[in-house]
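Worksheet: the structure to be examined is printed underneath.
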Amino acid sequence: MTAHRLICDLQGLQLFQLPVLTDNYIYILYDKPSHQTAVIDPAVAQPVLNFLESRGWSLDVIWNTHHHGDHVGGNLQLQERYGCAIYGSDYDHDRIPGITQTVRDQEEFAFGSWRVEVSSTPGHTLGHCMYHIPAADILFCGDTLFGLGCGRLFEGTPEQMWNSLLKIRSLPGTTRICCAHEYTLSNARYAQSLPTYSLGLLNYVAELQTLRNRGEPTVPTQLAAEIAYNPFLQADQSPMREAIDLPQTPPAQVFAWLRTGKDDFRG
Ligand SMILES: [Zn+2]
């Protein structure tokens with residue numbers, strides 16, 4: 001896959017999406033007024049190099065959400081070409097290739113005239129973080145939240161991941177969920193297997209299926225849709241808890257039950 005697309009253009013802030021490997025997405029931000037560019041989680045370098053060169057743009061900075069190879073694989077080649085800065089969480093300072101600046105929970109920095117907020121979101125990994133541009137409704141959430149799903153728990157506990165998901169759920173419903181993988185339809189099969197299955201979910205999945213049939217991404221999804229249909233954001237909600245017969249169980253344990261169910265799901 002080499003096609004890229006422009007997701008949005010807000011007052012000169014352009015967000016592009018590059019599908020790479022089997023199901024990864026790389027995001028590129030270009031701020032027209034300042035001519036700054038940022039790449040989020042470059043799994044590989046070449047498609048990013050091709051894209052930037054076709055426009056005559058340089059690269060100022062890479063924002064990494066976590067250290068996994070399919071998020072940092074292009075770091076060094078891009079840094080060698082452009083001398084760009086590389087941001088990642090302080091926890092990952094020795095496992096993100098080429099990292100030049102560590103960031104912490106609630107830290108803020110500027111990209112052009114845009115304010116970017118960092119949130120620590122442990123669970124998938126312990127160093128996982130997100131980059132949020134509130135004024136543009138853009139969230140780069142890596143492998144924490146996916147369309148109708150969430151990341152596997154490789155390093156963190158269910159409590160940590162649940163708290164990370166609550167951070168996302170507290171954002172405005174208009175937030176674009178720019179996650180790093182196209183897993184939505186696979187996640188939909190699990191969501192549809194749960195007793196909370198609804199006509200609303202069925203219709204939503206049908207819309208997503210139509211996009212995929214046309215070869216288009218389902219990502220970014222909107223947070224409002226995730227709140228409505230993503231089972232992993234419903235571990236503290238009565239309809240979910242009652243449907244799976246865990247009405248008194250703490251939300252983090254309900255989340256753990258849902259996550260284990262997905263790990264074991266063959267649908
Ligand atoms: Zn990962």
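Convention: chains lettered A, B, ... in structure tokens order; per-chain residue numbering from 1; ligands numbered from 1 as shown.
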
_9 Å shell around ligand 1 using only C-alpha atoms and all ligand atoms, listed as a list in words_ = Thr65, His66, His67, His68, Gly69, Asp70, His71, His124, Thr125, His128, Gly142, Asp143, Thr144, Gly151, Arg152, Phe154 and Ala180 of chain A

Output for the residues just chosen: N, CA and C atoms as a PDB file, in the first residue's frame:
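The resulting file, selection_22.pdb, is shown below:
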```
ATOM      1  N   THR A  65       4.740   7.171  20.026  1.00  0.00           N
ATOM      2  CA  THR A  65       3.838   6.838  21.137  1.00  0.00           C
ATOM      3  C   THR A  65       4.430   5.737  22.027  1.00  0.00           C
ATOM      4  N   HIS A  66       5.217   4.828  21.424  1.00  0.00           N
ATOM      5  CA  HIS A  66       5.868   3.788  22.217  1.00  0.00           C
ATOM      6  C   HIS A  66       6.955   3.122  21.379  1.00  0.00           C
ATOM      7  N   HIS A  67       7.649   2.176  21.974  1.00  0.00           N
ATOM      8  CA  HIS A  67       8.909   1.691  21.419  1.00  0.00           C
ATOM      9  C   HIS A  67       8.773   0.522  20.442  1.00  0.00           C
ATOM     10  N   HIS A  68       7.588  -0.019  20.222  1.00  0.00           N
ATOM     11  CA  HIS A  68       7.465  -1.208  19.361  1.00  0.00           C
ATOM     12  C   HIS A  68       7.988  -0.919  17.947  1.00  0.00           C
ATOM     13  N   GLY A  69       8.549  -1.974  17.349  1.00  0.00           N
ATOM     14  CA  GLY A  69       9.229  -1.837  16.064  1.00  0.00           C
ATOM     15  C   GLY A  69       8.357  -1.271  14.960  1.00  0.00           C
ATOM     16  N   ASP A  70       7.058  -1.598  14.976  1.00  0.00           N
ATOM     17  CA  ASP A  70       6.175  -1.097  13.926  1.00  0.00           C
ATOM     18  C   ASP A  70       5.698   0.338  14.216  1.00  0.00           C
ATOM     19  N   HIS A  71       6.391   1.012  15.125  1.00  0.00           N
ATOM     20  CA  HIS A  71       6.133   2.436  15.400  1.00  0.00           C
ATOM     21  C   HIS A  71       7.406   3.265  15.298  1.00  0.00           C
ATOM     22  N   HIS A 124      -0.695  -0.941  27.164  1.00  0.00           N
ATOM     23  CA  HIS A 124      -0.126  -1.708  26.042  1.00  0.00           C
ATOM     24  C   HIS A 124       1.374  -1.904  26.293  1.00  0.00           C
ATOM     25  N   THR A 125       2.060  -0.798  26.610  1.00  0.00           N
ATOM     26  CA  THR A 125       3.418  -0.848  27.157  1.00  0.00           C
ATOM     27  C   THR A 125       3.440   0.103  28.341  1.00  0.00           C
ATOM     28  N   HIS A 128       4.005   3.899  27.119  1.00  0.00           N
ATOM     29  CA  HIS A 128       3.114   4.423  26.072  1.00  0.00           C
ATOM     30  C   HIS A 128       2.605   5.820  26.416  1.00  0.00           C
ATOM     31  N   GLY A 142      -1.739   5.981  19.291  1.00  0.00           N
ATOM     32  CA  GLY A 142      -0.871   4.804  19.148  1.00  0.00           C
ATOM     33  C   GLY A 142      -1.652   3.514  19.234  1.00  0.00           C
ATOM     34  N   ASP A 143      -1.250   2.646  20.159  1.00  0.00           N
ATOM     35  CA  ASP A 143      -1.893   1.344  20.339  1.00  0.00           C
ATOM     36  C   ASP A 143      -2.684   1.285  21.641  1.00  0.00           C
ATOM     37  N   THR A 144      -3.234   2.424  22.083  1.00  0.00           N
ATOM     38  CA  THR A 144      -4.058   2.397  23.299  1.00  0.00           C
ATOM     39  C   THR A 144      -5.509   2.118  22.926  1.00  0.00           C
ATOM     40  N   GLY A 151      -5.565  -1.775  22.626  1.00  0.00           N
ATOM     41  CA  GLY A 151      -4.315  -2.519  22.502  1.00  0.00           C
ATOM     42  C   GLY A 151      -4.247  -3.687  23.478  1.00  0.00           C
ATOM     43  N   ARG A 152      -3.434  -4.655  23.122  1.00  0.00           N
ATOM     44  CA  ARG A 152      -3.185  -5.771  24.039  1.00  0.00           C
ATOM     45  C   ARG A 152      -2.336  -5.284  25.210  1.00  0.00           C
ATOM     46  N   PHE A 154       0.680  -5.817  26.908  1.00  0.00           N
ATOM     47  CA  PHE A 154       1.978  -6.492  26.886  1.00  0.00           C
ATOM     48  C   PHE A 154       2.763  -6.245  28.171  1.00  0.00           C
ATOM     49  N   ALA A 180      -2.967   3.688  15.402  1.00  0.00           N
ATOM     50  CA  ALA A 180      -1.863   3.279  14.538  1.00  0.00           C
ATOM     51  C   ALA A 180      -2.153   2.032  13.711  1.00  0.00           C
TER      52      ALA A 180
END
```

Please list as a short mmCIF file (atom, residue, chain, number, x, y, z; two decimals) with C-alpha atoms, in the first residue's frame every residue within 12 Å of Pro231 of chain A, counting only C-alpha atoms and excluding residues in the same chain fewer than 3 positions away.
```cif
data_model
loop_
_atom_site.label_atom_id
_atom_site.label_comp_id
_atom_site.auth_asym_id
_atom_site.auth_seq_id
_atom_site.Cartn_x
_atom_site.Cartn_y
_atom_site.Cartn_z
CA LEU A 145 -7.51 2.79 21.70
CA PHE A 146 -8.44 1.29 18.30
CA GLY A 147 -11.62 1.44 16.28
CA LEU A 148 -13.99 -0.70 18.40
CA GLY A 149 -11.01 -2.14 20.28
CA CYS A 150 -7.94 -1.42 22.36
CA TRP A 162 -8.50 1.17 32.09
CA LEU A 165 -8.83 4.59 28.36
CA ASN A 187 -12.58 -5.74 16.53
CA ALA A 188 -16.16 -5.38 15.32
CA ARG A 189 -16.56 -9.17 15.24
CA TYR A 190 -15.73 -9.35 18.95
CA ALA A 191 -17.98 -6.36 19.79
CA GLN A 192 -20.83 -8.07 17.93
CA SER A 193 -20.29 -11.30 19.87
CA LEU A 194 -21.05 -9.58 23.20
CA PRO A 195 -24.57 -9.48 24.63
CA THR A 196 -24.56 -5.66 24.34
CA TYR A 197 -24.79 -6.14 20.57
CA SER A 198 -27.28 -3.55 19.21
CA LEU A 201 -23.63 -1.19 16.38
CA ALA A 225 -18.73 6.63 18.08
CA GLU A 226 -16.17 4.79 20.20
CA ILE A 227 -17.99 5.84 23.38
CA ALA A 228 -21.23 4.53 21.88
CA GLN A 234 -17.99 0.53 28.69
CA ALA A 235 -16.50 -1.43 31.60
CA ASP A 236 -18.10 0.94 34.12
CA GLN A 237 -21.47 1.20 32.35
CA PRO A 239 -25.79 -2.04 30.40
CA MET A 240 -22.43 -3.74 29.81
CA ARG A 241 -21.91 -4.85 33.41
CA ALA A 243 -25.25 -7.93 30.22
CA ILE A 244 -22.09 -9.86 31.13
CA VAL A 254 -14.69 -5.84 34.01
CA PHE A 255 -12.23 -4.37 31.52
CA ALA A 256 -9.84 -7.27 32.21
CA TRP A 257 -12.69 -9.75 31.53
CA LEU A 258 -13.45 -8.01 28.21
CA ARG A 259 -9.76 -7.87 27.20
CA GLY A 261 -12.28 -12.42 26.06
CA LYS A 262 -10.84 -10.61 23.05
#
```

_Who sits within 6 Å of segment 4-12 of chain A, only C-alpha atoms, same chain under 6 positions skipped, as an MDAnalysis selection string_ = chainID A and resid 18 31:32

Could you save the residues just selected, with C-alpha atoms, as a short mmCIF file (atom, residue, chain, number, x, y, z; two decimals), in the first residue's frame?
```cif
data_model
loop_
_atom_site.label_atom_id
_atom_site.label_comp_id
_atom_site.auth_asym_id
_atom_site.auth_seq_id
_atom_site.Cartn_x
_atom_site.Cartn_y
_atom_site.Cartn_z
CA LEU A 18 -0.03 6.82 5.06
CA ASP A 31 1.72 23.36 9.52
CA LYS A 32 1.60 25.66 6.54
#
```

_helix (DSSP H, G or I) residues, from DSSP on the backbone, in segment 38-256 of chain A, as a ChimeraX atom specification_ = /A:46-55,69-72,75-82,90-92,134-136,158-169,184-193,199-213,223-229,231-233,238-243,251-256

*Residue contacts of segment 78-80 of chain A (12 Å, only C-alpha atoms) excluding same-chain residues fewer than 3 positions away, as a ChimeraX atom specification*: /A:38-50,52-53,58-62,72-75,83-87,97-100

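The space separating atom CA of Cys141 of chain A from atom CA of Cys129 of chain A comes to 7.3 Å.
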